[in-house]
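Trainee: Got a structure for you, run_21.txt, holding compact mmCIF, C-alpha atoms.
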# COMPACT_ATOMS: atom_id res chain seq x y z
CA MET A 13 -12.22 -2.73 -22.12
CA SER A 14 -11.64 -1.55 -18.57
CA LYS A 15 -8.74 -3.10 -16.70
CA THR A 16 -8.68 -3.80 -13.00
CA VAL A 17 -5.43 -3.28 -11.14
CA ASP A 18 -4.97 -4.52 -7.60
CA MET A 19 -2.55 -2.80 -5.26
CA TRP A 20 -1.38 -3.99 -1.85
CA PHE A 21 -0.18 -1.30 0.53
CA ASP A 22 1.11 -0.81 4.05
CA PRO A 23 0.32 2.72 5.29
CA LEU A 24 3.83 2.89 6.78
CA CYS A 25 5.54 2.77 3.40
CA PRO A 26 6.18 6.07 1.60
CA TRP A 27 6.95 4.24 -1.65
CA ALA A 28 3.58 2.50 -1.57
CA TRP A 29 2.03 5.92 -1.08
CA MET A 30 3.80 7.24 -4.18
CA THR A 31 2.62 4.26 -6.22
CA SER A 32 -0.94 4.66 -5.01
CA ARG A 33 -1.00 8.34 -6.00
CA TRP A 34 0.31 7.39 -9.44
CA LEU A 35 -2.40 4.75 -9.87
CA LEU A 36 -5.12 7.24 -8.95
CA GLU A 37 -3.72 9.52 -11.66
CA VAL A 38 -3.81 6.61 -14.11
CA GLU A 39 -7.55 6.23 -13.47
CA LYS A 40 -8.01 9.75 -14.83
CA VAL A 41 -6.30 9.07 -18.17
CA ARG A 42 -6.81 5.35 -18.83
CA ASP A 43 -9.80 2.99 -18.56
CA VAL A 44 -8.58 1.51 -15.30
CA GLU A 45 -10.11 0.73 -11.91
CA VAL A 46 -7.78 0.43 -8.91
CA ARG A 47 -8.69 -1.86 -6.04
CA PHE A 48 -6.77 -1.49 -2.79
CA HIS A 49 -5.75 -4.24 -0.40
CA VAL A 50 -3.71 -4.36 2.79
CA MET A 51 -0.37 -6.06 3.20
CA SER A 52 1.92 -5.70 6.18
CA LEU A 53 5.62 -5.06 6.50
CA SER A 54 5.24 -6.23 10.11
CA VAL A 55 3.97 -9.61 8.91
CA LEU A 56 6.53 -9.77 6.11
CA ASN A 57 9.43 -9.28 8.51
CA GLU A 58 8.27 -11.51 11.35
CA GLY A 59 11.17 -13.56 12.68
CA ASN A 60 13.82 -11.47 10.91
CA ASP A 61 16.28 -10.68 13.71
CA ASP A 62 18.81 -9.03 11.38
CA LEU A 63 16.86 -5.79 11.03
CA PRO A 64 18.16 -2.55 12.57
CA GLU A 65 16.58 -1.73 15.93
CA GLN A 66 14.96 1.44 14.58
CA TYR A 67 13.28 -0.51 11.77
CA ARG A 68 12.10 -3.20 14.21
CA ASP A 69 10.55 -0.50 16.40
CA MET A 70 8.76 0.94 13.36
CA LEU A 71 7.38 -2.50 12.47
CA THR A 72 6.12 -2.97 16.02
CA ARG A 73 4.23 0.32 15.75
CA GLY A 74 3.09 -0.65 12.25
CA TRP A 75 0.58 -3.27 13.41
CA ALA A 76 -1.98 -0.61 14.33
CA GLY A 77 -1.76 0.97 10.89
CA VAL A 78 -2.77 -2.21 9.10
CA ARG A 79 -5.17 -3.64 11.69
CA VAL A 80 -7.54 -0.66 11.58
CA PRO A 81 -7.98 -0.67 7.76
CA VAL A 82 -8.50 -4.44 7.79
CA ALA A 83 -11.14 -4.06 10.50
CA ALA A 84 -12.86 -1.37 8.42
CA ALA A 85 -12.77 -3.57 5.31
CA HIS A 86 -14.08 -6.53 7.30
CA LYS A 87 -17.09 -4.47 8.37
CA HIS A 88 -17.75 -2.48 5.19
CA GLY A 89 -15.92 -4.22 2.33
CA ASP A 90 -12.66 -3.45 0.56
CA ASP A 91 -14.13 -0.38 -1.16
CA VAL A 92 -13.59 1.62 2.06
CA LEU A 93 -9.83 1.14 1.79
CA ARG A 94 -9.32 3.69 -0.98
CA ASP A 95 -10.56 6.69 1.02
CA LEU A 96 -9.31 5.43 4.38
CA TYR A 97 -5.81 4.85 3.01
CA THR A 98 -5.85 8.31 1.47
CA ALA A 99 -6.92 9.86 4.77
CA ILE A 100 -4.22 8.01 6.71
CA GLY A 101 -1.48 8.43 4.12
CA THR A 102 -2.06 12.14 3.60
CA ARG A 103 -1.40 12.70 7.30
CA VAL A 104 1.63 10.39 7.46
CA HIS A 105 3.48 11.07 4.22
CA PRO A 106 3.02 14.63 2.93
CA GLY A 107 1.77 15.54 6.43
CA GLY A 108 4.89 14.19 8.13
CA ARG A 109 3.03 12.76 11.12
CA THR A 110 3.66 9.49 12.95
CA LEU A 111 1.28 6.65 12.14
CA ASP A 112 -0.41 6.31 15.53
CA ARG A 113 -3.85 6.00 17.09
CA THR A 114 -4.47 9.74 16.79
CA VAL A 115 -3.86 9.72 13.04
CA LEU A 116 -5.96 6.59 12.61
CA ALA A 117 -8.84 8.02 14.65
CA GLU A 118 -8.78 11.26 12.63
CA ALA A 119 -8.78 9.29 9.38
CA LEU A 120 -11.75 7.17 10.48
CA GLU A 121 -13.68 10.33 11.35
CA GLU A 122 -12.76 12.00 8.05
CA VAL A 123 -14.20 9.18 5.96
CA GLY A 124 -17.27 8.69 8.16
CA LEU A 125 -16.39 5.33 9.66
CA GLU A 126 -17.22 4.25 13.20
CA ALA A 127 -14.91 5.66 15.85
CA ASP A 128 -14.77 2.33 17.68
CA LEU A 129 -12.85 0.76 14.78
CA ILE A 130 -9.79 2.32 16.42
CA GLU A 131 -9.97 -0.46 19.01
CA ALA A 132 -8.65 -2.84 16.35
CA ALA A 133 -5.29 -1.04 16.58
CA ASP A 134 -4.31 -3.01 19.68
CA SER A 135 -6.32 -6.16 19.02
CA GLU A 136 -5.50 -9.42 17.27
CA GLU A 137 -9.17 -9.90 16.33
CA TYR A 138 -8.61 -9.20 12.63
CA ASP A 139 -5.09 -10.58 12.31
CA GLU A 140 -6.28 -13.68 10.47
CA ALA A 141 -7.94 -11.48 7.85
CA LEU A 142 -4.84 -9.26 7.73
CA ARG A 143 -2.56 -12.23 7.14
CA ALA A 144 -4.89 -13.60 4.47
CA SER A 145 -4.89 -10.27 2.59
CA HIS A 146 -1.11 -10.04 2.90
CA GLU A 147 -0.71 -13.61 1.70
CA ARG A 148 -2.83 -13.01 -1.40
CA GLY A 149 -0.49 -10.24 -2.53
CA ILE A 150 2.76 -11.97 -1.63
CA THR A 151 1.67 -15.24 -3.25
CA LEU A 152 1.24 -13.39 -6.54
CA VAL A 153 4.64 -11.69 -6.47
CA GLY A 154 6.98 -13.83 -4.37
CA GLU A 155 8.66 -13.57 -0.98
CA ASP A 156 11.67 -11.37 -1.80
CA VAL A 157 9.81 -8.06 -2.16
CA GLY A 158 7.88 -5.66 0.03
CA THR A 159 5.19 -3.09 -0.62
CA PRO A 160 3.85 -1.86 -2.99
CA VAL A 161 2.63 -4.91 -4.86
CA VAL A 162 0.67 -4.24 -8.05
CA ALA A 163 -1.18 -6.93 -10.01
CA ILE A 164 -2.43 -6.56 -13.59
CA ASP A 165 -4.20 -9.38 -15.42
CA GLY A 166 -2.88 -11.91 -12.91
CA VAL A 167 0.75 -10.75 -13.21
CA ALA A 168 2.11 -9.05 -10.10
CA PHE A 169 5.29 -7.10 -9.41
CA PHE A 170 6.88 -4.88 -6.81
CA GLY A 171 6.60 -1.20 -7.66
CA PRO A 172 6.86 0.84 -9.68
CA VAL A 173 8.97 2.82 -7.24
CA VAL A 174 8.80 6.39 -8.51
CA SER A 175 9.33 9.88 -7.11
CA PRO A 176 7.53 12.13 -7.68
CA ALA A 177 4.37 10.32 -8.76
CA PRO A 178 3.71 11.13 -12.44
CA LYS A 179 0.56 13.07 -13.22
CA GLY A 180 -1.71 13.29 -16.24
CA GLU A 181 -0.50 11.69 -19.43
CA ALA A 182 2.91 10.98 -17.87
CA ALA A 183 1.10 8.69 -15.42
CA GLY A 184 -0.64 7.05 -18.36
CA ARG A 185 2.61 6.43 -20.21
CA LEU A 186 4.15 4.73 -17.17
CA TRP A 187 1.01 2.59 -16.94
CA ASP A 188 1.36 1.65 -20.60
CA GLY A 189 4.92 0.53 -19.94
CA CYS A 190 3.85 -1.53 -16.95
CA LEU A 191 1.21 -3.23 -19.09
CA LEU A 192 3.86 -4.01 -21.68
CA VAL A 193 6.28 -5.67 -19.27
CA ALA A 194 3.48 -7.43 -17.37
CA GLY A 195 2.34 -8.95 -20.66
CA THR A 196 5.81 -10.25 -21.53
CA ASP A 197 6.22 -13.92 -20.67
CA GLY A 198 9.22 -14.50 -18.46
CA PHE A 199 9.68 -10.88 -17.44
CA PHE A 200 10.85 -10.55 -13.84
CA GLU A 201 12.81 -7.45 -12.96
CA LEU A 202 13.95 -3.93 -13.76
CA LYS A 203 15.83 -2.03 -11.06
CA ARG A 204 18.26 0.76 -10.40
CA THR A 205 19.57 2.41 -7.24
CA ARG A 206 17.27 5.07 -5.80
CA THR A 207 18.90 8.50 -5.75
CA ARG A 208 16.07 10.56 -4.25
CA GLU A 209 13.58 10.35 -1.42
CA PRO A 210 9.81 10.41 -1.96
CA ILE A 211 8.70 13.80 -3.26
CA PHE A 212 5.21 14.51 -1.97
CA ASP A 213 3.58 17.18 -4.08
Translate the structure described by the file into structure tokens.
Mentor:
Amino acid sequence: MSKTVDMWFDPLCPWAWMTSRWLLEVEKVRDVEVRFHVMSLSVLNEGNDDLPEQYRDMLTRGWAGVRVPVAAAHKHGDDVLRDLYTAIGTRVHPGGRTLDRTVLAEALEEVGLEADLIEAADSEEYDEALRASHERGITLVGEDVGTPVVAIDGVAFFGPVVSPAPKGEAAGRLWDGCLLVAGTDGFFELKRTRTREPIFD
């Protein structure tokens, strides 16, 4: 029986990108369908004055990167998020570019969406929908995590944080492990210190 996995992403986050690439590999080797949703590190960190200035600046710029996908989903449904996120993320993460209006406009064009959706980048018109999507993910997993959020059979967790993203059967085995822990009543956390940056390959 096919399983549906929901993933919440912020295009700013390289770790969410790694998780998303892993999940797309899982679809190739397991009977799984991935559905993508937007969450926002900018929303998550609102009112947090203890953040470094550089990170605060990034979060300020980050609004555009989540507003445009939410506007696209509002107009066309969540199914557009898979390809739009891929188009944005490919430019930002392996491509090394800054998440800005130029990148967003190019991504919209690549996936055949209306050019005027870029106007959402500087508009609060879809912020209610953005906050609702964010809240759905965070409500499942709790307030003390960020992105990525992955939900399987109603159980959500942060991660997996992995670099590089496993491919082929290795991706499937990691999925199997995630299913195992997600199905364990009372399971909450596995964690170790990261010793490498995202490896985009």
Trainee: Nearest to Arg73 (chain A) among A:Ala99, A:Ala119, A:Val38, A:Ala133, with distances taken over all atoms listed in the file: which residue is it?
Mentor: A:Ala133
Trainee: I'd like to know which of A:Ala194, A:Val173, A:Leu152, A:Val162 is closest to Asp18 (chain A), using all atoms listed in the file.
Mentor: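 For Asp18 (chain A), the nearest of the candidates is A:Val162.
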Trainee: Quick one: of A:Glu65, A:Phe169, A:Glu209, A:Trp27, who's nearest to Glu155 (chain A), counting all atoms listed in the file?
Mentor: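 The shortest atom-to-atom distance to Glu155 (chain A) comes from A:Phe169.
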Trainee: Which residues come within 8 Å of Gly171 (chain A), counting only C-alpha atoms, excluding same-chain residues fewer than 4 positions away, as a PDB file with C-alpha atoms, in the frame of the given file?
Mentor:
ATOM      1  CA  ALA A  28       3.580   2.500  -1.570  1.00  0.00           C
ATOM      2  CA  THR A  31       2.620   4.260  -6.220  1.00  0.00           C
ATOM      3  CA  THR A 159       5.190  -3.090  -0.620  1.00  0.00           C
ATOM      4  CA  PRO A 160       3.850  -1.860  -2.990  1.00  0.00           C
ATOM      5  CA  VAL A 161       2.630  -4.910  -4.860  1.00  0.00           C
ATOM      6  CA  VAL A 162       0.670  -4.240  -8.050  1.00  0.00           C
TER       7      VAL A 162
END
Trainee: Please provide as an NGL selection string all residues within 9 Å of Leu56 (chain A), with the sequence filter that same-chain residues fewer than 3 positions apart are discarded (counting only C-alpha atoms).
Mentor: :A and (51-53 or 59-60 or 146 or 150 or 155 or 158)
Trainee: Using all atoms listed in the file, which of A:Leu35, A:Ala182, A:Asp95, A:Trp20 sits nearest Glu147 (chain A)?
Mentor: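 The answer is A:Trp20, which sits nearest to Glu147 (chain A).
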